[in-house]
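work_33.cif, holding mmCIF, C-alpha atoms and all ligand atoms:
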```cif
data_structure
loop_
_atom_site.label_atom_id
_atom_site.label_comp_id
_atom_site.auth_asym_id
_atom_site.auth_seq_id
_atom_site.Cartn_x
_atom_site.Cartn_y
_atom_site.Cartn_z
CA MET A 1 11.03 -7.06 22.54
CA TYR A 2 12.11 -6.72 18.89
CA HIS A 3 15.17 -6.23 16.72
CA LEU A 4 16.05 -5.71 13.06
CA GLU A 5 17.47 -8.59 11.08
CA CYS A 6 18.98 -8.82 7.59
CA ILE A 7 16.98 -11.17 5.37
CA GLU A 8 20.18 -12.21 3.53
CA CYS A 9 22.92 -12.71 6.14
CA GLY A 10 20.97 -12.62 9.40
CA LYS A 11 22.97 -9.77 10.93
CA ARG A 12 21.07 -8.11 13.76
CA TYR A 13 20.56 -4.46 14.57
CA THR A 14 18.91 -2.93 17.64
CA GLU A 15 15.85 -0.72 17.88
CA SER A 16 18.06 2.33 18.39
CA ASP A 17 20.18 1.85 15.22
CA VAL A 18 19.40 4.25 12.37
CA VAL A 19 19.73 1.75 9.53
CA TYR A 20 17.66 0.96 6.42
CA THR A 21 19.55 -1.91 4.80
CA CYS A 22 22.25 -4.27 6.10
CA GLY A 23 25.63 -2.62 6.63
CA GLU A 24 27.36 -5.93 5.81
CA CYS A 25 25.62 -7.10 2.66
CA ASN A 26 23.11 -4.39 1.72
CA GLY A 27 20.22 -6.84 2.25
CA LEU A 28 16.71 -5.74 3.28
CA LEU A 29 15.89 -5.68 6.98
CA ASP A 30 12.92 -7.17 8.82
CA VAL A 31 11.51 -6.26 12.21
CA ILE A 32 11.52 -9.46 14.28
CA TYR A 33 9.56 -9.90 17.51
CA ASP A 34 9.61 -12.57 20.15
CA TYR A 35 6.09 -13.78 19.43
CA SER A 36 6.05 -16.02 22.51
CA THR A 37 5.97 -12.88 24.68
CA ILE A 38 3.14 -11.18 22.78
CA GLU A 39 -0.26 -11.79 24.29
CA LEU A 40 -3.25 -10.21 22.66
CA ASP A 41 -6.48 -10.05 24.65
CA MET A 42 -9.00 -11.50 22.19
CA ASN A 43 -11.97 -10.03 24.07
CA LYS A 44 -10.48 -6.56 23.87
CA LEU A 45 -9.53 -7.15 20.24
CA LYS A 46 -13.08 -8.11 19.33
CA LYS A 47 -14.59 -5.06 21.06
CA GLN A 48 -12.31 -2.30 19.77
CA CYS A 49 -12.74 -0.72 16.31
CA PRO A 50 -9.89 -1.42 13.90
CA SER A 51 -7.14 1.21 13.56
CA VAL A 52 -3.36 1.11 13.20
CA TRP A 53 -2.71 1.74 16.89
CA LYS A 54 -5.22 -0.85 18.05
CA TYR A 55 -2.41 -3.35 17.43
CA ARG A 56 0.22 -1.39 19.33
CA GLU A 57 1.49 -4.51 21.13
CA ILE A 58 2.84 -5.71 17.76
CA LEU A 59 4.22 -2.37 16.59
CA PRO A 60 7.87 -1.39 17.09
CA ILE A 61 7.36 1.92 18.90
CA ASP A 62 8.47 2.47 22.48
CA GLU A 63 5.64 2.58 25.06
CA THR A 64 6.80 6.01 26.19
CA GLN A 65 6.59 7.48 22.67
CA GLU A 66 3.27 9.18 21.94
CA PRO A 67 2.31 8.14 18.37
CA ILE A 68 2.34 10.83 15.68
CA SER A 69 -1.20 10.12 14.53
CA ILE A 70 -4.15 11.59 12.66
CA GLU A 71 -6.23 8.45 13.24
CA GLU A 72 -5.19 6.24 10.36
CA GLY A 73 -6.43 2.79 9.45
CA GLY A 74 -9.85 1.43 10.37
CA THR A 75 -10.83 1.62 6.71
CA PRO A 76 -14.00 -0.15 5.56
CA LEU A 77 -14.04 -3.68 4.20
CA TYR A 78 -16.97 -3.68 1.79
CA ARG A 79 -18.75 -6.79 0.60
CA CYS A 80 -19.21 -6.25 -3.16
CA ASP A 81 -21.87 -8.59 -4.55
CA ARG A 82 -22.64 -6.63 -7.70
CA LEU A 83 -19.00 -6.46 -8.72
CA ALA A 84 -18.58 -10.11 -7.73
CA ASP A 85 -21.46 -11.05 -10.07
CA LYS A 86 -19.89 -9.18 -12.94
CA ILE A 87 -16.52 -10.84 -12.36
CA GLY A 88 -18.10 -14.25 -11.82
CA ILE A 89 -16.97 -15.02 -8.30
CA LYS A 90 -18.92 -15.75 -5.10
CA GLY A 91 -17.29 -13.87 -2.27
CA LEU A 92 -15.62 -10.54 -3.00
CA TYR A 93 -14.61 -7.87 -0.50
CA VAL A 94 -12.86 -4.58 -1.13
CA LYS A 95 -10.64 -3.05 1.57
CA HIS A 96 -10.80 0.65 0.68
CA GLU A 97 -7.52 2.16 1.79
CA GLY A 98 -8.46 5.35 -0.07
CA LEU A 99 -10.42 6.27 3.05
CA ASN A 100 -7.32 6.87 5.16
CA PRO A 101 -6.77 10.50 6.30
CA THR A 102 -4.71 11.57 3.26
CA GLY A 103 -6.47 9.16 0.91
CA SER A 104 -3.98 6.28 0.70
CA PHE A 105 -2.57 3.40 2.77
CA LYS A 106 0.74 5.27 3.01
CA ASP A 107 -0.67 6.89 6.18
CA ARG A 108 -0.38 3.56 8.00
CA GLY A 109 3.31 3.37 7.24
CA MET A 110 3.93 7.02 7.99
CA THR A 111 2.24 7.10 11.40
CA VAL A 112 4.63 4.37 12.53
CA GLY A 113 7.62 5.60 10.50
CA VAL A 114 7.42 9.21 11.66
CA SER A 115 6.76 8.12 15.26
CA LYS A 116 9.97 6.09 14.97
CA ALA A 117 11.81 9.11 13.53
CA ILE A 118 10.83 11.15 16.60
CA GLU A 119 11.74 8.27 18.96
CA LEU A 120 15.18 8.13 17.29
CA GLY A 121 15.61 11.90 17.67
CA MET A 122 15.76 12.56 13.91
CA LYS A 123 15.35 16.20 12.91
CA THR A 124 14.19 15.98 9.26
CA VAL A 125 12.26 13.32 7.34
CA ALA A 126 12.57 12.66 3.59
CA CYS A 127 11.34 10.41 0.79
CA ALA A 128 11.14 9.92 -2.96
CA SER A 129 7.60 9.36 -4.12
CA THR A 130 5.25 8.65 -7.00
CA GLY A 131 2.95 10.98 -5.05
CA ASN A 132 1.09 9.38 -2.16
CA THR A 133 4.15 8.83 0.01
CA SER A 134 4.95 12.55 -0.28
CA ALA A 135 1.38 13.58 0.56
CA SER A 136 1.48 11.37 3.60
CA LEU A 137 4.96 12.38 4.72
CA GLY A 138 3.94 16.03 4.34
CA ILE A 139 1.06 15.67 6.76
CA TYR A 140 2.91 13.54 9.33
CA GLY A 141 5.90 15.88 9.22
CA ALA A 142 3.52 18.75 9.97
CA ARG A 143 1.87 16.77 12.77
CA ALA A 144 5.28 15.98 14.29
CA GLY A 145 6.51 19.54 13.83
CA ILE A 146 9.60 18.61 11.81
CA PRO A 147 10.57 19.45 8.21
CA ALA A 148 9.82 17.02 5.37
CA VAL A 149 11.73 16.88 2.07
CA VAL A 150 10.12 15.03 -0.85
CA LEU A 151 11.51 14.18 -4.30
CA LEU A 152 8.95 13.67 -7.08
CA PRO A 153 9.48 12.56 -10.70
CA GLU A 154 8.75 15.67 -12.78
CA GLY A 155 5.43 15.65 -14.63
CA LYS A 156 4.42 12.17 -13.48
CA VAL A 157 2.68 12.88 -10.19
CA ALA A 158 -1.10 13.16 -9.89
CA LEU A 159 -2.34 16.63 -9.01
CA GLY A 160 -4.11 15.80 -5.74
CA LYS A 161 -0.95 14.30 -4.30
CA VAL A 162 1.29 17.27 -5.14
CA ALA A 163 -1.38 19.58 -3.71
CA GLN A 164 -1.27 17.76 -0.38
CA ALA A 165 2.53 17.77 -0.12
CA LEU A 166 2.63 21.49 -0.94
CA MET A 167 -0.11 22.62 1.43
CA HIS A 168 1.22 20.66 4.39
CA GLY A 169 4.52 22.45 3.98
CA ALA A 170 6.90 19.81 2.66
CA LYS A 171 9.91 20.95 0.67
CA VAL A 172 8.83 19.62 -2.73
CA LEU A 173 11.51 18.91 -5.33
CA SER A 174 10.50 17.99 -8.85
CA VAL A 175 13.29 15.78 -10.19
CA ARG A 176 14.05 15.58 -13.91
CA GLY A 177 14.05 11.80 -13.84
CA ASN A 178 11.82 8.89 -12.89
CA PHE A 179 10.90 7.54 -9.45
CA ASP A 180 13.73 5.01 -9.38
CA GLU A 181 16.29 7.77 -9.97
CA ALA A 182 14.69 9.99 -7.32
CA LEU A 183 14.91 7.13 -4.81
CA VAL A 184 18.65 6.66 -5.40
CA LEU A 185 19.15 10.40 -4.84
CA VAL A 186 17.09 10.68 -1.67
CA ARG A 187 18.87 7.69 -0.15
CA GLN A 188 22.17 9.48 -0.73
CA LEU A 189 20.72 12.73 0.69
CA CYS A 190 19.57 10.96 3.85
CA ASP A 191 22.97 9.32 4.37
CA ASP A 192 24.81 12.61 3.82
CA GLU A 193 22.54 14.92 5.82
CA LYS A 194 21.26 12.53 8.52
CA PHE A 195 17.68 12.94 7.33
CA TYR A 196 15.38 10.04 8.19
CA LEU A 197 14.47 8.04 5.07
CA LEU A 198 10.80 7.10 4.90
CA ASN A 199 10.54 5.08 1.71
CA SER A 200 9.30 1.53 2.05
CA VAL A 201 12.88 0.24 2.20
CA ASN A 202 12.56 1.49 5.79
CA PRO A 203 11.28 -1.58 7.67
CA TYR A 204 9.32 0.51 10.19
CA ARG A 205 7.02 1.79 7.48
CA LEU A 206 6.09 -1.75 6.55
CA GLU A 207 5.25 -2.40 10.21
CA GLY A 208 2.50 0.22 9.99
CA GLN A 209 1.22 -1.17 6.70
CA LYS A 210 1.02 -4.73 8.00
CA THR A 211 -2.05 -3.60 9.97
CA ILE A 212 -4.03 -3.89 6.70
CA GLY A 213 -3.59 -7.65 7.14
CA PHE A 214 -4.63 -7.50 10.80
CA GLU A 215 -7.73 -5.48 9.94
CA ILE A 216 -8.85 -7.79 7.13
CA ILE A 217 -8.83 -10.75 9.54
CA ASP A 218 -10.45 -8.68 12.26
CA GLN A 219 -13.22 -7.38 9.96
CA LEU A 220 -13.97 -10.88 8.66
CA GLY A 221 -14.70 -11.97 12.24
CA PHE A 222 -11.24 -13.53 12.62
CA ASN A 223 -11.60 -15.61 9.48
CA VAL A 224 -8.91 -15.82 6.81
CA PRO A 225 -9.84 -15.09 3.17
CA GLU A 226 -8.45 -17.46 0.56
CA ARG A 227 -6.80 -14.73 -1.44
CA VAL A 228 -5.76 -11.09 -1.24
CA VAL A 229 -5.21 -9.16 -4.49
CA LEU A 230 -3.42 -5.81 -4.61
CA PRO A 231 -1.39 -3.50 -6.85
CA VAL A 232 2.39 -3.77 -6.65
CA GLY A 233 4.78 -0.88 -7.23
CA ASN A 234 7.79 -0.67 -4.95
CA ALA A 235 6.46 -3.93 -3.48
CA GLY A 236 6.37 -2.79 0.13
CA ASN A 237 2.67 -3.19 0.70
CA ILE A 238 2.33 -6.81 -0.44
CA THR A 239 5.31 -7.61 1.78
CA ALA A 240 3.81 -5.76 4.74
CA ILE A 241 0.32 -7.23 4.47
CA TYR A 242 1.74 -10.73 4.22
CA LYS A 243 3.83 -10.08 7.33
CA GLY A 244 0.64 -9.05 9.14
CA PHE A 245 -1.10 -12.29 8.17
CA LYS A 246 1.90 -14.35 9.21
CA GLU A 247 2.17 -12.63 12.56
CA PHE A 248 -1.48 -13.31 13.41
CA MET A 249 -0.71 -16.94 12.63
CA ASN A 250 2.50 -16.91 14.70
CA ILE A 251 0.62 -15.46 17.68
CA GLY A 252 -2.03 -18.16 17.30
CA ILE A 253 -4.98 -15.99 16.24
CA THR A 254 -5.29 -17.71 12.83
CA ASP A 255 -4.05 -20.98 11.36
CA LYS A 256 -3.34 -20.06 7.73
CA VAL A 257 -2.50 -17.16 5.41
CA PRO A 258 -4.20 -15.94 2.24
CA ARG A 259 -2.59 -16.40 -1.16
CA MET A 260 -0.88 -13.10 -1.92
CA THR A 261 -1.64 -12.02 -5.46
CA GLY A 262 0.25 -9.02 -6.85
CA ILE A 263 -0.89 -7.06 -9.89
CA GLN A 264 1.30 -4.79 -12.00
CA SER A 265 0.68 -2.77 -15.12
CA GLU A 266 2.03 -4.25 -18.36
CA GLY A 267 4.31 -1.23 -18.74
CA ALA A 268 5.92 -1.65 -15.33
CA ALA A 269 6.05 -5.32 -14.42
CA PRO A 270 9.45 -6.45 -13.08
CA ILE A 271 7.89 -8.49 -10.25
CA VAL A 272 5.55 -10.32 -12.64
CA ASP A 273 8.47 -11.05 -14.98
CA ALA A 274 10.45 -12.54 -12.11
CA TYR A 275 7.44 -14.59 -10.99
CA ARG A 276 6.85 -15.96 -14.49
CA ASN A 277 10.47 -17.07 -14.62
CA GLY A 278 10.39 -18.57 -11.14
CA ARG A 279 13.08 -16.20 -9.93
CA ASP A 280 13.50 -14.66 -6.49
CA ASP A 281 14.87 -11.34 -7.70
CA ILE A 282 14.07 -8.92 -10.52
CA THR A 283 15.64 -7.39 -13.59
CA PRO A 284 14.89 -3.66 -13.37
CA GLU A 285 12.67 -2.12 -16.06
CA LYS A 286 14.44 1.01 -17.35
CA ASN A 287 11.46 2.94 -18.72
CA PRO A 288 8.37 1.98 -16.74
CA ASP A 289 5.14 3.50 -18.02
CA THR A 290 1.45 3.24 -17.11
CA ILE A 291 -1.62 5.38 -16.49
CA ALA A 292 -1.40 4.11 -12.89
CA THR A 293 1.34 6.53 -11.80
CA ALA A 294 1.44 5.14 -8.24
CA ILE A 295 2.88 1.88 -9.57
CA ARG A 296 5.03 3.37 -12.31
CA ILE A 297 8.17 1.79 -10.83
CA GLY A 298 10.85 -0.19 -12.66
CA ASN A 299 13.17 -1.19 -9.83
CA PRO A 300 11.09 -2.11 -6.77
CA VAL A 301 13.26 -2.04 -3.64
CA ASN A 302 11.22 -4.67 -1.81
CA ALA A 303 11.23 -7.15 -4.71
CA LYS A 304 12.99 -9.93 -2.78
CA LYS A 305 10.61 -9.75 0.17
CA ALA A 306 7.58 -9.48 -2.10
CA LEU A 307 8.53 -12.49 -4.23
CA LYS A 308 9.10 -14.48 -1.05
CA ALA A 309 5.61 -13.49 0.15
CA ILE A 310 4.11 -14.59 -3.17
CA TYR A 311 5.91 -17.95 -3.30
CA GLU A 312 5.50 -18.76 0.39
CA SER A 313 1.77 -18.05 0.39
CA ASN A 314 1.23 -20.01 -2.83
CA GLY A 315 0.11 -16.77 -4.46
CA MET A 316 0.95 -15.34 -7.86
CA ALA A 317 1.54 -12.21 -9.90
CA ASP A 318 0.05 -11.01 -13.17
CA THR A 319 -0.21 -7.93 -15.36
CA VAL A 320 -3.13 -5.85 -16.60
CA THR A 321 -3.36 -3.25 -19.36
CA ASP A 322 -4.16 0.42 -18.80
CA ASP A 323 -7.53 -0.13 -20.51
CA GLU A 324 -8.36 -2.95 -18.11
CA ILE A 325 -7.39 -0.68 -15.22
CA VAL A 326 -9.74 2.09 -16.37
CA GLN A 327 -12.60 -0.37 -16.89
CA ALA A 328 -12.13 -1.76 -13.37
CA GLN A 329 -12.00 1.79 -12.01
CA ARG A 330 -15.41 2.44 -13.61
CA ASP A 331 -16.85 -0.83 -12.32
CA LEU A 332 -15.76 -0.06 -8.75
CA ALA A 333 -17.20 3.44 -9.00
CA GLN A 334 -20.47 2.61 -10.74
CA LEU A 335 -21.36 -0.84 -9.42
CA GLU A 336 -20.17 -0.37 -5.84
CA GLY A 337 -19.75 3.34 -5.15
CA ILE A 338 -16.04 2.94 -4.49
CA GLY A 339 -13.96 5.76 -5.98
CA VAL A 340 -10.31 4.87 -6.52
CA GLU A 341 -7.25 6.11 -8.38
CA PRO A 342 -6.02 3.97 -11.32
CA ALA A 343 -3.34 1.98 -9.46
CA SER A 344 -5.95 0.78 -6.98
CA ALA A 345 -8.22 -0.49 -9.72
CA SER A 346 -5.49 -2.77 -11.01
CA SER A 347 -6.35 -5.16 -8.15
CA VAL A 348 -9.89 -5.62 -9.46
CA ALA A 349 -8.71 -5.68 -13.09
CA GLY A 350 -6.25 -8.42 -12.15
CA LEU A 351 -8.88 -10.44 -10.32
CA LYS A 352 -11.20 -10.23 -13.31
CA LYS A 353 -8.47 -11.42 -15.66
CA LEU A 354 -7.46 -14.32 -13.42
CA VAL A 355 -11.06 -15.47 -12.97
CA ASN A 356 -11.64 -15.26 -16.74
CA ASP A 357 -8.50 -17.31 -17.33
CA GLY A 358 -9.74 -19.93 -14.84
CA ILE A 359 -6.76 -19.39 -12.57
CA ILE A 360 -8.78 -18.05 -9.65
CA GLY A 361 -11.71 -20.32 -8.73
CA LYS A 362 -15.26 -18.99 -8.57
CA ASP A 363 -15.68 -20.30 -5.03
CA GLU A 364 -12.72 -18.45 -3.54
CA THR A 365 -13.27 -15.70 -0.98
CA VAL A 366 -11.16 -12.82 -2.23
CA VAL A 367 -10.22 -9.44 -0.77
CA CYS A 368 -9.06 -6.74 -3.19
CA VAL A 369 -7.14 -3.85 -1.66
CA THR A 370 -7.90 -0.48 -3.23
CA THR A 371 -4.91 1.60 -2.25
CA GLY A 372 -5.79 5.23 -3.04
CA HIS A 373 -8.76 7.57 -3.43
CA LEU A 374 -10.34 8.75 -6.70
CA LEU A 375 -9.66 12.42 -5.90
CA LYS A 376 -5.91 11.82 -5.93
CA ASP A 377 -5.86 11.89 -9.73
CA PRO A 378 -8.73 14.09 -10.97
CA GLN A 379 -7.05 14.71 -14.34
CA GLU A 380 -7.16 11.02 -15.24
CA VAL A 381 -10.87 10.96 -14.38
CA VAL A 382 -11.61 13.96 -16.59
CA ASP A 383 -9.62 12.32 -19.40
CA VAL A 384 -11.51 9.02 -19.33
CA CYS A 385 -15.07 10.17 -18.49
CA PRO A 386 -17.59 11.96 -20.75
CA LYS A 387 -17.67 15.76 -20.40
CA PRO A 388 -20.52 17.39 -18.46
CA VAL A 389 -23.39 18.41 -20.78
CA VAL A 390 -23.66 22.20 -21.09
CA VAL A 391 -27.29 23.41 -21.16
CA ASP A 392 -29.21 26.67 -21.22
CA ALA A 393 -30.86 27.74 -17.96
CA THR A 394 -34.32 26.61 -19.15
CA MET A 395 -36.40 23.56 -18.29
CA GLU A 396 -36.71 22.62 -21.94
CA SER A 397 -32.99 22.54 -22.45
CA ILE A 398 -32.48 20.59 -19.23
CA ARG A 399 -35.22 18.09 -20.12
CA ASN A 400 -33.75 17.57 -23.58
CA ALA A 401 -30.34 16.90 -22.11
CA VAL A 402 -31.62 14.58 -19.34
CA PHE A 403 -33.54 12.40 -21.82
CA SER A 404 -31.10 12.48 -24.71
CA ASP A 405 -29.68 9.08 -25.79
CA LYS A 406 -31.42 7.21 -22.98
C1 LIG A 501 2.25 3.35 -3.09
C2 LIG A 501 1.05 2.91 -3.83
C3 LIG A 501 0.97 1.65 -4.44
C4 LIG A 501 2.14 0.70 -4.48
O1 LIG A 501 2.49 0.18 -3.24
P1 LIG A 501 3.94 -0.49 -3.06
O2 LIG A 501 4.06 -0.70 -1.61
O3 LIG A 501 4.92 0.53 -3.58
O4 LIG A 501 3.95 -1.72 -3.86
C5 LIG A 501 -0.20 1.29 -5.05
N1 LIG A 501 -1.25 2.12 -5.10
C6 LIG A 501 -1.22 3.34 -4.55
C7 LIG A 501 -2.40 4.22 -4.65
C8 LIG A 501 -0.07 3.78 -3.89
O5 LIG A 501 -0.04 5.00 -3.35
ZN ZN A 502 23.17 -8.68 5.62
#
```

Final structure tokens representation of the file:
Amino acid sequence: MYHLECIECGKRYTESDVVYTCGECNGLLDVIYDYSTIELDMNKLKKQCPSVWKYREILPIDETQEPISIEEGGTPLYRCDRLADKIGIKGLYVKHEGLNPTGSFKDRGMTVGVSKAIELGMKTVACASTGNTSASLGIYGARAGIPAVVLLPEGKVALGKVAQALMHGAKVLSVRGNFDEALVLVRQLCDDEKFYLLNSVNPYRLEGQKTIGFEIIDQLGFNVPERVVLPVGNAGNITAIYKGFKEFMNIGITDKVPRMTGIQSEGAAPIVDAYRNGRDDITPEKNPDTIATAIRIGNPVNAKKALKAIYESNGMADTVTDDEIVQAQRDLAQLEGIGVEPASASSVAGLKKLVNDGIIGKDETVVCVTTGHLLKDPQEVVDVCPKPVVVDATMESIRNAVFSDK
């Protein structure tokens, strides 16, 4: 029903091959289905609540394999009128992926990726991570009952994410290097030790994440928004979501795709640089830096696929500053009650900038994807918010504090 195919040379691999990139040319692989054989029952689709496994007919896991699941996906799509007003746009929705079981969209990729690992008979799973991938792999490894090994860049991972990886029992290695270096090392480790690699270079992970695209369409009553805006780090998610939109079109559920709009931080923007120069591949950034640690990546593995998604969908890519990210994080939290980690807020910061610059029209219907939960990075919150006011345990003191400066 499906196979893997190299995006560069077209070489095919079967569903039982353990392979992450093309053995011939090192190109990225895509999971390809025969869409003519996929029939989705629209009545059933309209009745069932969204979730990753709702779309099982278009997921590459054998029917006999019980999914390794903790009920991921089915995240809310909020209509955000107050934030829309502030930005100066008519129709704004936020897809809050921070409400997945571990607090990020990585769970969608991991439920499919770890299910595939078990189907393939792999004994250990591994990844490099800016944090959320490790948190997610930790929990799915535990759920599957197999060991997980995670490599993190030392000192650059938000506290909540490390806490999750540790408590769920992953072997956590803190690498004296950045994410890009950790990824090179874990790829070698997986090849040497026959561990199953679950970074987003693994095409099965992207299959899980494409369900964000399915759910957006589903939750909009099978309508297609004009644009989707999201943060871009290793560039897997923008690739995956676009694939989801395209597949719904290929199956005949929709007749167009949204314009894929990727946002990076100024300090880590290889995809944006490539886009600005009209190129289809990147020049790696050696020393990426940003407050948004989840997208602190200089050499995104999925760059080629992501740039293709951007060009094909008539989308674009732009940068935001750390200050703009923090401001958008506050706006989401205080105008809409949506608590996100910094990387997630870059989507809204990017939208605001592009509307200000007149690049995104005020009449567009836009969905911003907020990728991770506020509690992932509590230290950043404490750093950017005012301190709690310390008061005596008396009514006078409390009243003084409540009514001061307001
Ligand atoms: C992983 C992650 C990203 C980046 O996604 P890519 O697929 O690497 O582009 C953005 N935000 C958060 C919170 C993440 O965990
Ligand atoms: Zn190839």

Margin query: Counting only C-alpha atoms, find residues at most 7 Å from (-11.6, -5.5, 0.1) (file frame) and give them as number ranges by chain.
Written below: A: 77-78, 93-96, 367-369

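You can rank A:Tyr196, A:Tyr311, A:Phe222, A:Tyr204 by their closest distance to Ala126 of chain A using all atoms listed in the file, and at the top of that list sits A:Tyr196.
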
Notebook entry, point to check: Can you tell me, as a count of residues only, which residues sit within 8 Å of (10.3, -11.1, 7.3) in the file's frame, using all atoms listed in the file?
Noted result: 7

Margin query: Residues near Asn302 of chain A, anyone? I mean within 12 Å using all atoms listed in the file, not counting same-chain ones fewer than 3 positions away, as a ChimeraX atom specification.
Written below: /A:7,20-21,27-30,199-203,206,232-240,270-271,280-282,297-299,305-309

Note to self: Need to verify the contact set: segment 84-91 of chain A, 9 Å, only C-alpha atoms, exclusion of same-chain residues closer than 2 positions in sequence. Can you return it as a list in words?
What the structure shows: Arg79, Cys80, Asp81, Arg82, Tyr93, Asp331, Val348, Leu351, Lys352, Lys353, Val355, Asn356, Ile360, Gly361, Lys362, Asp363, Glu364, Thr365, Val366 and Val367 of chain A

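If you measure from each of A:Ile241, A:Val340, A:Ala349, A:Val320 to Leu99 of chain A using all atoms listed in the file, the closest one turns out to be A:Val340.
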
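Counting all atoms listed in the file, the residue from A:Glu119, A:Glu15, A:Glu24, A:Glu207 that sits nearest to ligand ZN 502 (chain A) is A:Glu24.
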
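Here atom CA of Leu220 of chain A is placed at a distance of 21.4 Å from atom CA of Ser104 of chain A.
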
Item checked: Residue nearest ligand LIG 501 (chain A) among A:His168, A:Lys194, A:Arg279, A:Lys210 (counting all atoms listed in the file) -> A:Lys210

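Take atom CA of Thr261 of chain A and atom CA of Gly315 of chain A: the distance between them is 5.2 Å.
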
Margin query: Hey, which residues sit close to ligand ZN 502 (chain A)? Say within 7 Å, counting all atoms listed in the file, and write them as a ChimeraX atom specification.
Written below: /A:6-11,22-27

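Closest to Glu154 of chain A among A:Phe179, A:Thr133, A:Pro225, A:Tyr140 is A:Phe179, based on all atoms listed in the file.
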
Note to self: Env of Gly155 of chain A: 12 Å cut, atoms = all atoms listed in the file, seq-sep filter 2 positions within chain, self excluded. Answer as number ranges by chain.
What the structure shows: A: 130-131, 152-153, 157-159, 162, 173-179, 293

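Using all atoms listed in the file, the nearest neighbour of Pro300 of chain A within the list A:Asp180, A:Pro288, A:Asn277, A:Val384 is A:Asp180.
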
Next item on the list: Identify, on the basis of all atoms listed in the file, every residue whose closest approach to Ile251 of chain A does not exceed 12 Å; exclude the query and any residue fewer than 4 positions from it along the same chain; express the result as a list in words.
Entry: Tyr33, Asp34, Tyr35, Ser36, Thr37, Ile38, Glu39, Leu40, Asp41, Met42, Glu57, Ile58, Phe214, Gly244, Phe245, Lys246, Glu247, Asp255 and Lys256 of chain A
